[in-house]
Structures are given as C-alpha cells and as structure tokens.
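Enquirer: One structure, as structure tokens, below. Some questions next.
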Amino acid sequence: MRRLNLQKTENMAADMRLPTFRKQVTLSPSLSALDGKDLVVPGDVITSDTGFMRGHGTYMDEEKLTASVAGEVERVNKLICVRPLRTRFNGEVGDVVVGRITEVQQKRWKLETNSRLDSVLLLSSVNLPGGELRRRSAEDELTMRDYLQEGDLISAEVQSVFSDGALSLHTRSLKYGKLGQGVLVQLSPSLIKRQKTHFHNLPCGASIILGNNGFVWLYPAPGQQDEEAGGYYTSLEPVSLSDREVISRLRNCLLALGAHKVLLYDTSVLYCYESSLPHQIKDILKPEVMEEIVMVTRQKLVEQEG
C-alpha cells in the first residue's frame with residue numbers, strides 16, 4: 001500500500017513558484033507625481049487657515065482643520081473634505097448601481113447595493129412588461145415575483161435618497177432592468193470613476209456595467225434587445241468559450257486594478273486588458289504579473305493624458 005501511494009505521489013504534477021530577482025521598475029516623473037496626492041490619516045492636520053469650510057471627514061481641533069478618516073483630500077473652492085479610500089456606498093441622485101434582490105415586500109423590493117442600509121425599488125418605479133403606462137393594480141402586486149425575485153441581479157438608477165440615507169431606485173429605462181448571464185465583481189466604490197455613462201461595450205467583445213456602488217457586471221456583448229420585454233428578458237443561450245475567456249480575463253484585470261487602487265473606467269479597463277494579453281488568464285493574479293500589468297496600464301494612462 002505504501003509503495004502504491006508513493007507511486008501516486010510521484011505522478012502528481014505540482015506547480016512550484018521559487019523566489020527570483022525582480023526587475024526594478026522605474027516610474028516616470030509624471031507617474032510619480034500622479035501618485036503623490038494629498039493622502040491623510042485620522043489626526044493629520046490638513047490646514048490651520050481659518051478661511052476654509054469644514055466638509056465630510058474633517059473636524060476642528062484647536063482651530064486647525066483635522067482629518068477624521070483615512071483618505072484623499074478634496075477641495076472645492078473654500079470647502080475641504082476627505083474622501084475615504086474604503087467606505088460603504090453613499091449614493092447620490094442619478095448614480096448607476098448594480099444590486100441583488102434580498103426581499104420581496106408589499107409594493108416594493110429590497111436590494112443589497114453595498115450601502116449602509118438596504119435600497120428600495122418601488123413597484124411604481126419599474127417598467128411593466130410591454131412598456132404599459134398605467135397605475136399599478138393589486139394583480140401587479142401579486143405577480144411581483146414574476147418580474148423580480150430573491151437573488152436576481154438588476155441594474156438601476158438612484159431616484160432619491162431617504163432621510164435615513166437609504167436609496168430609492170428606479171428602472172424606468174430600457175438600459176436598466178434584470179441582468180442575465182455574466183460575472184459580478186465586487187470592488188470598493190471609491191475606485192469607480194464618475195462618468196456620463198457607466199454602460200460600455202468594449203472592443204474586446206464583452207460589455208461592462210460600472211456601478212457607482214462598486215459592483216461591476218461583466219457580460220457577453222448583447223444582440224438585439226426585445227423592447228416589449230420591458231427590461232425583464234434575459235437570454236439563457238449558451239455562452240461561447242471565447243466570450244467566457246474574455247470575461248474571465250476582464251474579471252482578473254479588474255481585481256488587479258482594484259488591488260493596486262487604480263481608478264476604474266472604460267479606458268483603464270481596456271488598457272489593462274491589452275497589457276494582460278501576453279499572459280495566461282490564470283497567471284494575471286500572480287503578484288509579480290499583476291504588478292507588471294498594472295504598471296504598464298498606468299504608463300499608458302499617463303501617456304494618454306499627457
């Protein structure tokens with residue numbers, strides 16, 4: 001028995017990674033200046049000038065404006081605030097979010113959107129199948145689970161913010177609604193760059209929804225959308241191997257960018273995807289490969305801005 005086990009052990013393949021000397025990567029002057037932002041930790045004095053107004057993440061201590069959270073100092077005219085690097089999602093009206101249904105209640109759905117409280121999607125804030133415009137009846141209330149049920153993922157927009165900070169969402173547009181086949185990547189909301197549109201069809205053959213709440217949805221590039229479905233139709237056709245490989249590579253690229261605190265928007269994601277092509281998908285998350293890919297991506301972003 002012991003000899004048989006030894007033979008089995010000898011035939012098993014093992015992936016061993018030995019330490020090697022890494023090449024020293026030198027930052028360009030513009031790139032090092034980009035990283036040298038005003039970062040503060042709790043207790044750091046931001047300014048002793050009394051002419052500034054106190055914003056979020058700050059407090060006055062002996063007539064000095066002091067940081068109460070760790071993050072990046074932002075200044076708008078005379079207002080100074082600190083944007084925390086790790087935080088829950090603080091939604092604003094018009095933000096695009098990706099959320100998961102957690103509960104079906106009377107005339108409303110509850111959603112997990114990475115904020116402090118569950119968000120609310122009212123029955124009156126969704127499109128009816130077929131795009132009908134009418135008052136919601138008791139029959140609609142009884143068939144709510146036919147539209148959305150627990151565990152479903154949706155994309156929506158913040159319609160209003162309640163007094164306690166909870167978000168009220170709506171899906172009154174064909175670009176919002178139930179999400180079909182794809183991959184959800186959860187990242188920090190502070191890494192999502194605010195843009196005019198957060199829905200992108202990437203040239204590599206996949207589409208991406210960059211939710212302001214840090215939830216990013218990757219899915220195959222859609223074909224013709226059925227307008228009569230009202231945002232509830234989800235294709236269940238098999239996804240091709242090439243599409244799955246593209247989505248897997250994009251998912252690993254997002255995790256690499258998130259680990260190195262790079263702002264996420266369509267250009268940075270596409271540059272990271274192009275930089276990762278020489279490597280296998282499974283190797284992207286190795287620390288040395290991840291560092292190389294992110295460094296090349298940052299260099300491309302600086303050259304583009306420069």
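Residues in the structure tokens are numbered from 1 in each chain, the chains being A, B, ... in the order shown, and ligands are numbered from 1 in the order shown.
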Would you list the contacts of Asp140 in chain A as a PDB file with N, CA and C atoms, in the first residue's frame, taking every protein, DNA or RNA residue within 9 Å and counting only C-alpha atoms, but skipping same-chain residues closer than 4 positions in sequence?
Expert:
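As written to disk, selection-v7.pdb reads:
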```
ATOM      1  N   LYS A 107     -45.513  45.989  -2.355  1.00  0.00           N
ATOM      2  CA  LYS A 107     -45.317  47.037  -3.358  1.00  0.00           C
ATOM      3  C   LYS A 107     -43.871  47.518  -3.469  1.00  0.00           C
ATOM      4  N   LEU A 123     -42.663  49.264  -6.640  1.00  0.00           N
ATOM      5  CA  LEU A 123     -43.358  48.670  -7.782  1.00  0.00           C
ATOM      6  C   LEU A 123     -43.723  49.741  -8.811  1.00  0.00           C
ATOM      7  N   LEU A 128     -43.523  48.187 -16.613  1.00  0.00           N
ATOM      8  CA  LEU A 128     -44.334  46.978 -16.754  1.00  0.00           C
ATOM      9  C   LEU A 128     -43.963  46.293 -18.066  1.00  0.00           C
ATOM     10  N   ARG A 136     -50.447  50.910 -10.962  1.00  0.00           N
ATOM     11  CA  ARG A 136     -50.225  49.517 -10.563  1.00  0.00           C
ATOM     12  C   ARG A 136     -51.426  49.011  -9.767  1.00  0.00           C
ATOM     13  N   MET A 144     -45.514  40.150  -8.455  1.00  0.00           N
ATOM     14  CA  MET A 144     -44.210  40.823  -8.346  1.00  0.00           C
ATOM     15  C   MET A 144     -43.054  39.847  -8.535  1.00  0.00           C
TER      16      MET A 144
END
```
Enquirer: When DSSP works through the backbone of this structure, what residues of range 31-148 of chain A end up as strand (DSSP E or B), shown as a PyMOL selection string?
Expert: chain A and resi 39-40+45-47+53-54+58-61+64-67+71-76+79-84+89+96-105+108-112+115+119-122
Enquirer: Give me the residues of range 69-180 of chain A that have any atom at most 9 Å from an atom of range 203-209 of chain A; for each, the nearest atom pair and the distance in Å, rounded to one decimal. Use only C-alpha atoms, sort by chain and number, and format it as a tab-separated table.
Expert:
```
residue	atom	partner	partner_atom	distance
A:Val96	CA	A:Ile209	CA	8.7
A:Val97	CA	A:Ile209	CA	8.7
A:Val98	CA	A:Ile209	CA	7.9
A:Ser155	CA	A:Ile209	CA	8.3
```
Enquirer: Write out the residues from the selection above, keeping C-alpha atoms, as a PDB file, in the first residue's frame.
Expert:
```
ATOM      1  CA  VAL A  96     -25.969  53.907 -11.637  1.00  0.00           C
ATOM      2  CA  VAL A  97     -25.979  50.885  -9.304  1.00  0.00           C
ATOM      3  CA  VAL A  98     -25.928  47.108  -9.644  1.00  0.00           C
ATOM      4  CA  SER A 155     -29.087  47.478 -12.810  1.00  0.00           C
TER       5      SER A 155
END
```
Enquirer: Distance CA of Gly211 in chain A-CA of Leu179 in chain A, one decimal place?
Expert: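 Those two atoms sit 12.9 Å apart.
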Enquirer: Counting only C-alpha atoms, give me one row per residue of range 163-259 of chain A with an atom at most 10 Å from an atom of range 278-290 of chain A, showing the shortest contact pair and its distance in Å to one decimal, sorted by chain then residue number, as a tab-separated table.
Expert:
```
residue	atom	partner	partner_atom	distance
A:Glu245	CA	A:Ile281	CA	7.8
A:Val246	CA	A:Ile281	CA	9.0
A:Ser248	CA	A:Ile281	CA	7.1
A:Arg249	CA	A:Ile281	CA	5.4
A:Leu250	CA	A:Ile281	CA	9.1
A:Arg251	CA	A:Ile281	CA	9.5
A:Asn252	CA	A:Ile284	CA	6.4
A:Cys253	CA	A:Ile284	CA	7.2
A:Leu255	CA	A:Leu285	CA	7.8
A:Ala256	CA	A:Met290	CA	5.8
A:Leu257	CA	A:Met290	CA	8.4
A:Ala259	CA	A:Met290	CA	8.9
```
Enquirer: Find the distance between CA of Glu292 in chain A and CA of Arg86 in chain A and write it in Å to one decimal.
Expert: 24.3 Å
Enquirer: I'd like the neighbourhood of Ser119 in chain A as a list in words, where a residue qualifies if any of its atoms comes within 10 Å (using only C-alpha atoms), though same-chain residues fewer than 3 positions away should be ignored.
Expert: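 Once the nearby chain positions are removed, what remains is Gly91, Gly99, Arg100, Ile101, Thr102, Trp109, Lys110, Leu111, Glu112, Thr113, Asn114, Ser115, Arg116, Leu122, Val158, Val161, Phe162, Gly165, Ala166, Leu167, Ser168 and Leu169 of chain A.
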Enquirer: Selection from above, C-alpha atoms, as a PDB file, in the first residue's frame, can you write it?
Expert:
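Final file, out_1.pdb:
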```pdb
ATOM      1  CA  GLY A  91     -25.426  57.203  -3.157  1.00  0.00           C
ATOM      2  CA  GLY A  99     -27.831  45.349  -6.842  1.00  0.00           C
ATOM      3  CA  ARG A 100     -29.178  41.996  -5.729  1.00  0.00           C
ATOM      4  CA  ILE A 101     -32.797  41.446  -4.626  1.00  0.00           C
ATOM      5  CA  THR A 102     -32.839  40.324  -0.975  1.00  0.00           C
ATOM      6  CA  TRP A 109     -38.308  45.098  -3.413  1.00  0.00           C
ATOM      7  CA  LYS A 110     -35.351  45.374  -1.027  1.00  0.00           C
ATOM      8  CA  LEU A 111     -31.860  45.294  -2.572  1.00  0.00           C
ATOM      9  CA  GLU A 112     -28.275  44.896  -1.386  1.00  0.00           C
ATOM     10  CA  THR A 113     -26.295  47.703  -3.048  1.00  0.00           C
ATOM     11  CA  ASN A 114     -23.175  47.881  -0.836  1.00  0.00           C
ATOM     12  CA  SER A 115     -24.608  50.838   1.112  1.00  0.00           C
ATOM     13  CA  ARG A 116     -25.215  51.119   4.866  1.00  0.00           C
ATOM     14  CA  LEU A 122     -40.891  50.517  -5.557  1.00  0.00           C
ATOM     15  CA  VAL A 158     -30.828  56.237  -7.793  1.00  0.00           C
ATOM     16  CA  VAL A 161     -32.307  59.455  -1.029  1.00  0.00           C
ATOM     17  CA  PHE A 162     -34.462  58.993   2.089  1.00  0.00           C
ATOM     18  CA  GLY A 165     -29.701  57.555   3.981  1.00  0.00           C
ATOM     19  CA  ALA A 166     -31.487  54.621   2.291  1.00  0.00           C
ATOM     20  CA  LEU A 167     -31.677  54.808  -1.501  1.00  0.00           C
ATOM     21  CA  SER A 168     -34.811  54.725  -3.639  1.00  0.00           C
ATOM     22  CA  LEU A 169     -34.120  53.238  -7.084  1.00  0.00           C
TER      23      LEU A 169
END
```
Enquirer: Go ahead and compute the interatomic distance for CA of Arg135 in chain A and CA of Ser160 in chain A, in Å to one decimal.
Expert: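 Straight-line distance from CA of Arg135 in chain A to CA of Ser160 in chain A works out to 20.5 Å.
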Enquirer: Counting only C-alpha atoms, which residue out of A:Met60, A:Leu191, A:Leu85, A:Val239 sits closest to Glu72 in chain A?
Expert: A:Leu85
Enquirer: Which one of A:Lys300, A:Leu270, A:Asn212, A:Leu174 sits closest to Val93 in chain A if you count only C-alpha atoms?
Expert: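 Closest to Val93 in chain A, using only C-alpha atoms: A:Asn212.
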Enquirer: If we count only C-alpha atoms, what is near His170 in chain A at a cut-off of 8 Å, once residues fewer than 2 positions away on the same chain are taken out, given as an mmCIF file with N, CA, C and O atoms, in the first residue's frame?
Expert:
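File written: around_4.cif
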```cif
data_model
loop_
_atom_site.group_PDB
_atom_site.id
_atom_site.type_symbol
_atom_site.label_atom_id
_atom_site.label_comp_id
_atom_site.auth_asym_id
_atom_site.auth_seq_id
_atom_site.Cartn_x
_atom_site.Cartn_y
_atom_site.Cartn_z
ATOM 1 N N LEU A 121 -36.686 49.432 -4.172
ATOM 2 C CA LEU A 121 -37.198 49.590 -5.535
ATOM 3 C C LEU A 121 -38.717 49.434 -5.467
ATOM 4 O O LEU A 121 -39.225 48.342 -5.203
ATOM 5 N N LEU A 122 -39.434 50.546 -5.644
ATOM 6 C CA LEU A 122 -40.891 50.517 -5.557
ATOM 7 C C LEU A 122 -41.500 49.905 -6.815
ATOM 8 O O LEU A 122 -40.938 50.009 -7.910
ATOM 9 N N SER A 125 -41.925 52.178 -9.593
ATOM 10 C CA SER A 125 -40.699 52.716 -10.204
ATOM 11 C C SER A 125 -40.093 51.789 -11.246
ATOM 12 O O SER A 125 -38.958 51.991 -11.663
ATOM 13 N N VAL A 126 -40.833 50.741 -11.647
ATOM 14 C CA VAL A 126 -40.328 49.819 -12.664
ATOM 15 C C VAL A 126 -41.227 49.876 -13.890
ATOM 16 O O VAL A 126 -42.399 50.263 -13.802
ATOM 17 N N ALA A 156 -29.889 49.601 -11.956
ATOM 18 C CA ALA A 156 -30.904 50.625 -11.691
ATOM 19 C C ALA A 156 -30.219 51.969 -11.499
ATOM 20 O O ALA A 156 -28.989 52.078 -11.531
ATOM 21 N N GLU A 157 -31.038 52.984 -11.313
ATOM 22 C CA GLU A 157 -30.535 54.342 -11.082
ATOM 23 C C GLU A 157 -31.125 54.871 -9.793
ATOM 24 O O GLU A 157 -32.285 54.567 -9.459
ATOM 25 N N VAL A 158 -30.339 55.653 -9.051
ATOM 26 C CA VAL A 158 -30.828 56.237 -7.793
ATOM 27 C C VAL A 158 -31.795 57.363 -8.128
ATOM 28 O O VAL A 158 -31.438 58.330 -8.799
ATOM 29 N N GLN A 159 -33.046 57.221 -7.638
ATOM 30 C CA GLN A 159 -34.077 58.227 -7.905
ATOM 31 C C GLN A 159 -34.102 59.289 -6.814
ATOM 32 O O GLN A 159 -34.269 60.473 -7.086
ATOM 33 N N SER A 168 -33.644 55.135 -2.866
ATOM 34 C CA SER A 168 -34.811 54.725 -3.639
ATOM 35 C C SER A 168 -34.389 54.645 -5.100
ATOM 36 O O SER A 168 -33.857 55.620 -5.654
ATOM 37 N N ARG A 172 -36.834 52.835 -14.882
ATOM 38 C CA ARG A 172 -37.715 53.299 -15.955
ATOM 39 C C ARG A 172 -36.936 53.645 -17.225
ATOM 40 O O ARG A 172 -37.041 54.746 -17.742
#
```
